[in-house]
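Okay, structure first, notes after.
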Amino acid sequence: MDTIIPRTLAPQNQERVWPKEGWTRVPYWVYTDPALYVRELETFFYGPSWNYIGLDCEVPEKGNFKRSWIGERQVVIVRGTGDQIHVWENRCAHRGVRICWQNKGQAKSFTCPYHQWNYALDGKLQAVPLRRGALGKGGMPADFDMGANGLTPLRVHVEGGSIWASFHSNPPSFADYCTPDVHAMIKRVCPGRKLKLLGYNRQLIKGNWKLYIENLKDPYHATLLHTFLITFGLWRADTQSESIPQPNGHSIMASRNVGKKTTSATPEMSSFKGSLHLNDMDSVTQRPEFEDGKVSGGVLFPSVVLHQQANTLGMRHIIPKSVDSFELSWTYYGYEDDDDAMTRLRVRHANLYGPAGYVAMEDGEVLSESQLGVHNYEHHSAVLEMGGRDVLPQDHMVTEVMIRAFYKHYRELLSL
C-alpha cells in the first residue's frame, strides 16, 4: 500500500525523495507544496536568471512606463533619458507602498501616494517632503542619504526589442544564459527590426505555473488535443519536426505548416475533423516569411514562451500567483516595416491563441484539470517515457524528452 507523504516540505537537507526512476517520473507534490513553491520563486525568478518583462515598443517615448512581473514581484519598465530602459521594483523605499498604480502611461517622475517621496524616471530619489521638518522640528536626520534610498533597480538587457531583467547583482551574460540555440531563436523573432505592438490577451489558469512550462515542452499533446492544429496541418505528428532540450531549463520545438491532409497516422489523432472546413482560410494560411519555412515555440525558462506560428509572433509571459494559480499574459507584435497585408495576417493568426483561441482554449481547461487531478495525490507520480527515457534532442514530436530534460535541470538547482 502506498504511503501518503505529508504535504509540508521538509527542511532542505531532508527533502522528499524523488522517485527512483529519476527524470522519467515527476512526483505530484511538485505541483502542490507551498514551501517548495516559495523556493522555486527564490531560485528561478529572483536568482541569477533573465526574465522576460516586455517589449520596447510598449514604452516608445521618454517617460512611457509599463508595469510587469517577475514571479510575484511587480516591476516597472520606464524609458528614460537618452533612450535608456530602466526597470525598478514597484515598491517605495520608504514604507513599501506601490508607487505606480497604472498598467501603462507616461510620467515625468513618480511620486508615492502615501508620503509623496518623489523619484526620477531611473528610480533615484529626488525629493522627500518635510525632509528638514516644519517650524524647526522633525524631519530626516542630517546625514540621511538620498542616493542610498532610491527604488531598487534591476539589471536590464534589451535584445532586438525584447526587454529582460534580473534581480541578481551579477547574473550571467544574456547570451550565456540563453544558450546559442535559444539566443538564435530570440534573434529570429526579434531580429532588430523595430517592433510594432498588435495587442494583448490575459488569462488566469488555476494550476501550478510549471504545468505551462511542461505544456510548451510537450509536442506529443499538441498533435492529439488540438483539433485546429491537427485538422489544418499547423502542427502534426506526421510532419517533419524537432524536439530540442536546452541547458538552463530552456527548450525549442519546431515543425512546419503542411495544410490539411490524411496519412496512416491520422486515425490515431481522434481530434482530427475531416469534415471541418473554413469559408475564410486566412486564419490558417501563412505567407512565407522565414527561409527555413519552420514554425517554432521556444521556452526561455522561467518566464516566457516565444511563439512563431503561421505569421503570428507572440510572447506568453508566465506569472506565478500561488502554488496552484498563474497568470498567462499574451503580447502579440509585428514589425514597423510590415505591409498592411502582413499586419492583417498577424492579427488574424493571433486568433489561434489566447484564452479563447482556436488552439489555446483547450490548454487552459486541461491544465486546470491537471491541477485538480494531482490534488491530494502527492504520493503518486507522472510517467514521462514517451520517446524513450533519455534527454537528447529528437527529430519528431511523439516525445516527452523536453519535459524530462527540464526536470533534470529543476532537480539539480533545487537539490531534490
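Naming works like this for the C-alpha cells: A, B, ... for the chains as they're shown, residue 1 at the start of each chain, ligands 1 onward in shown order.
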> What's the 7 Å shell around segment 210-214 of chain A, counting only C-alpha atoms, without same-chain residues fewer than 3 positions away, as a PyMOL selection string?
Replying inline: chain A and resi 207+217-218+367+403
Give me a file of those residues, with N, CA and C atoms, as a PDB file, in the first residue's frame.
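Output file result-v1.pdb follows:
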ATOM      1  N   GLY A 207      -3.819  26.480 -11.986  1.00  0.00           N
ATOM      2  CA  GLY A 207      -2.887  25.372 -11.985  1.00  0.00           C
ATOM      3  C   GLY A 207      -1.510  25.859 -11.594  1.00  0.00           C
ATOM      4  N   LYS A 217       6.672  22.177 -23.651  1.00  0.00           N
ATOM      5  CA  LYS A 217       7.742  21.213 -23.893  1.00  0.00           C
ATOM      6  C   LYS A 217       7.135  19.864 -24.281  1.00  0.00           C
ATOM      7  N   ASP A 218       5.873  19.878 -24.646  1.00  0.00           N
ATOM      8  CA  ASP A 218       5.103  18.657 -24.858  1.00  0.00           C
ATOM      9  C   ASP A 218       4.447  18.658 -26.238  1.00  0.00           C
ATOM     10  N   LEU A 367      -5.128  22.192 -18.251  1.00  0.00           N
ATOM     11  CA  LEU A 367      -4.168  22.425 -17.173  1.00  0.00           C
ATOM     12  C   LEU A 367      -4.873  22.608 -15.828  1.00  0.00           C
ATOM     13  N   ILE A 403      10.431  17.647 -21.444  1.00  0.00           N
ATOM     14  CA  ILE A 403       9.976  17.692 -20.048  1.00  0.00           C
ATOM     15  C   ILE A 403      10.965  16.951 -19.161  1.00  0.00           C
TER      16      ILE A 403
END
>> Need the shell around Lys124 of chain A: protein/DNA/RNA residues with any atom at most 10 Å away, counting only C-alpha atoms. Skip same-chain ones fewer than 3 positions apart. Format as a ChimeraX atom specification?
In response: /A:88,109-110,118-121,127,146-153
Store the residues picked out above, limited to N, CA and C atoms, as a short mmCIF file (atom, residue, chain, number, x, y, z; two decimals), in the first residue's frame.
data_model
loop_
_atom_site.label_atom_id
_atom_site.label_comp_id
_atom_site.auth_asym_id
_atom_site.auth_seq_id
_atom_site.Cartn_x
_atom_site.Cartn_y
_atom_site.Cartn_z
N TRP A 88 12.66 48.97 -12.32
CA TRP A 88 12.80 49.00 -10.87
C TRP A 88 11.59 48.37 -10.20
N SER A 109 7.99 61.97 -13.56
CA SER A 109 8.61 61.39 -12.38
C SER A 109 7.54 60.55 -11.69
N PHE A 110 7.91 59.89 -10.61
CA PHE A 110 6.97 59.02 -9.90
C PHE A 110 6.93 59.41 -8.43
N ASN A 118 9.41 61.39 -3.98
CA ASN A 118 9.41 61.53 -5.44
C ASN A 118 10.68 60.94 -6.05
N TYR A 119 10.50 60.21 -7.14
CA TYR A 119 11.61 59.51 -7.78
C TYR A 119 11.71 59.90 -9.25
N ALA A 120 12.93 59.97 -9.76
CA ALA A 120 13.17 60.24 -11.17
C ALA A 120 12.82 59.00 -12.00
N LEU A 121 12.84 59.14 -13.31
CA LEU A 121 12.49 58.03 -14.19
C LEU A 121 13.37 56.82 -13.97
N ALA A 127 13.24 63.82 -4.08
CA ALA A 127 12.58 64.76 -3.17
C ALA A 127 11.89 64.00 -2.05
N MET A 146 20.16 60.52 0.37
CA MET A 146 19.19 60.43 -0.72
C MET A 146 19.62 59.39 -1.74
N GLY A 147 20.90 59.33 -2.02
CA GLY A 147 21.40 58.41 -3.05
C GLY A 147 21.26 56.95 -2.68
N ALA A 148 21.17 56.67 -1.38
CA ALA A 148 21.07 55.28 -0.94
C ALA A 148 19.64 54.83 -0.72
N ASN A 149 18.67 55.70 -1.03
CA ASN A 149 17.28 55.38 -0.75
C ASN A 149 16.38 55.52 -1.98
N GLY A 150 16.92 55.16 -3.11
CA GLY A 150 16.12 55.15 -4.33
C GLY A 150 15.36 53.83 -4.47
N LEU A 151 14.61 53.71 -5.53
CA LEU A 151 13.90 52.47 -5.83
C LEU A 151 14.91 51.39 -6.21
N THR A 152 14.59 50.15 -5.91
CA THR A 152 15.52 49.05 -6.17
C THR A 152 15.60 48.78 -7.67
N PRO A 153 16.77 49.02 -8.30
CA PRO A 153 16.90 48.79 -9.74
C PRO A 153 17.22 47.34 -10.05
#
> Counting only C-alpha atoms, what is within 7 Å of segment 60-65 of chain A, bar same-chain residues fewer than 4 positions away, as a list in words?
Replying inline: Asp56, Val76, Ile77, Val78, Arg79, Gly80, Thr81, Asp83, Lys104, Gly105, Gln106, Ala107, Lys108 and Leu121 of chain A
>> When DSSP is applied to the backbone of this structure, which of segment 24-166 of chain A are assigned strand (DSSP E or B)? Write them out as number ranges by chain.
In response: A: 25-27, 51-55, 64-70, 73-79, 85-89, 104-106, 110-111, 118-119, 125-127, 134, 137, 153, 155-159, 162-166
What does the file look like for those residues with C-alpha atoms, as a PDB file, in the first residue's frame?
ATOM      1  CA  ARG A  25       8.834  10.434 -13.147  1.00  0.00           C
ATOM      2  CA  VAL A  26       7.516  13.675 -11.661  1.00  0.00           C
ATOM      3  CA  PRO A  27       6.049  13.407  -8.151  1.00  0.00           C
ATOM      4  CA  ASN A  51      13.208  37.155 -17.048  1.00  0.00           C
ATOM      5  CA  TYR A  52      11.110  38.477 -19.911  1.00  0.00           C
ATOM      6  CA  ILE A  53       9.130  41.576 -18.887  1.00  0.00           C
ATOM      7  CA  GLY A  54       8.049  43.371 -22.072  1.00  0.00           C
ATOM      8  CA  LEU A  55       8.806  44.868 -25.472  1.00  0.00           C
ATOM      9  CA  ASN A  64       6.487  55.959 -21.056  1.00  0.00           C
ATOM     10  CA  PHE A  65       6.113  53.215 -18.470  1.00  0.00           C
ATOM     11  CA  LYS A  66       4.579  49.773 -18.150  1.00  0.00           C
ATOM     12  CA  ARG A  67       4.050  47.559 -15.115  1.00  0.00           C
ATOM     13  CA  SER A  68       5.199  43.961 -15.385  1.00  0.00           C
ATOM     14  CA  TRP A  69       6.002  40.977 -13.180  1.00  0.00           C
ATOM     15  CA  ILE A  70       8.890  38.715 -12.289  1.00  0.00           C
ATOM     16  CA  ARG A  73       7.174  40.735  -7.632  1.00  0.00           C
ATOM     17  CA  GLN A  74       5.843  43.678  -9.619  1.00  0.00           C
ATOM     18  CA  VAL A  75       8.329  45.811 -11.532  1.00  0.00           C
ATOM     19  CA  VAL A  76       8.041  48.925 -13.692  1.00  0.00           C
ATOM     20  CA  ILE A  77       9.666  49.415 -17.105  1.00  0.00           C
ATOM     21  CA  VAL A  78      10.430  53.069 -17.910  1.00  0.00           C
ATOM     22  CA  ARG A  79      12.047  54.714 -20.912  1.00  0.00           C
ATOM     23  CA  ILE A  85      15.345  51.430 -20.484  1.00  0.00           C
ATOM     24  CA  HIS A  86      15.103  51.336 -16.683  1.00  0.00           C
ATOM     25  CA  VAL A  87      13.452  48.644 -14.567  1.00  0.00           C
ATOM     26  CA  TRP A  88      12.800  49.004 -10.870  1.00  0.00           C
ATOM     27  CA  GLU A  89      10.702  47.344  -8.172  1.00  0.00           C
ATOM     28  CA  LYS A 104       0.731  51.830 -18.702  1.00  0.00           C
ATOM     29  CA  GLY A 105       1.157  55.559 -19.126  1.00  0.00           C
ATOM     30  CA  GLN A 106       3.570  58.479 -19.272  1.00  0.00           C
ATOM     31  CA  PHE A 110       6.972  59.019  -9.895  1.00  0.00           C
ATOM     32  CA  THR A 111       5.546  60.050  -6.547  1.00  0.00           C
ATOM     33  CA  ASN A 118       9.407  61.527  -5.439  1.00  0.00           C
ATOM     34  CA  TYR A 119      11.615  59.512  -7.781  1.00  0.00           C
ATOM     35  CA  LEU A 125      15.139  59.535  -5.006  1.00  0.00           C
ATOM     36  CA  GLN A 126      14.957  63.244  -5.765  1.00  0.00           C
ATOM     37  CA  ALA A 127      12.578  64.756  -3.166  1.00  0.00           C
ATOM     38  CA  ALA A 134       8.485  72.087   9.983  1.00  0.00           C
ATOM     39  CA  LYS A 137      11.061  70.451  14.380  1.00  0.00           C
ATOM     40  CA  PRO A 153      16.896  48.795  -9.740  1.00  0.00           C
ATOM     41  CA  ARG A 155      19.767  44.541 -14.265  1.00  0.00           C
ATOM     42  CA  VAL A 156      18.369  45.111 -17.775  1.00  0.00           C
ATOM     43  CA  HIS A 157      19.070  43.622 -21.189  1.00  0.00           C
ATOM     44  CA  VAL A 158      17.353  44.587 -24.446  1.00  0.00           C
ATOM     45  CA  GLU A 159      17.559  42.064 -27.281  1.00  0.00           C
ATOM     46  CA  SER A 162      12.534  42.438 -26.227  1.00  0.00           C
ATOM     47  CA  ILE A 163      13.239  43.523 -22.624  1.00  0.00           C
ATOM     48  CA  TRP A 164      14.695  41.208 -19.973  1.00  0.00           C
ATOM     49  CA  ALA A 165      15.575  41.868 -16.348  1.00  0.00           C
ATOM     50  CA  SER A 166      17.290  40.175 -13.431  1.00  0.00           C
TER      51      SER A 166
END
>> Using only C-alpha atoms, which protein or nucleic acid residues come within 9 Å of segment 378-391 of chain A? Drop anything in the same chain fewer than 6 positions from it, and give the result as a PyMOL selection string.
In response: chain A and resi 2-7+19+23-33+220+245+397-406+408
> Which neighbours of segment 191-206 of chain A fall inside 6 Å, counting only C-alpha atoms, when residues of the same chain fewer than 6 positions from it are skipped, and could you give them as a ChimeraX atom specification?
Replying inline: /A:57,160,324-336,354,368
> Which polymer residues have any atom within 7 Å of an atom of segment 170-183 of chain A, counting only C-alpha atoms, with same-chain residues fewer than 6 positions away left out, as a list in words?
Replying inline: Pro48, Ser49, Trp50 and Pro247 of chain A
> Per DSSP on the backbone, what are the alpha helix (DSSP H) residues of segment 57-283 of chain A, as a ChimeraX atom specification?
Replying inline: /A:174-178,180-189,209-215,219-225,227-231
> Between A:Asp122, A:Asp338, A:Glu369, A:Asp292, which has the minimum distance to Asn208 of chain A (counting only C-alpha atoms)?
Replying inline: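 Closest to Asn208 of chain A of all the choices is A:Glu369.
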> Of the candidates A:Asn103, A:Ser415, A:Gln116, A:Gln246, which shows the shortest atom-to-atom distance to Thr43 of chain A, using only C-alpha atoms?
Replying inline: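 Residue with the minimum atom-to-atom distance to Thr43 of chain A: A:Ser415.
Coordinates place atom CA of Arg346 of chain A at a distance of 5.1 Å from atom CA of Asn311 of chain A.
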>> Rounded to one decimal, what separation in Å do you get between atom CA of Thr285 of chain A and atom CA of Gly233 of chain A?
In response: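 Between atom CA of Thr285 of chain A and atom CA of Gly233 of chain A the gap works out to 9.9 Å.
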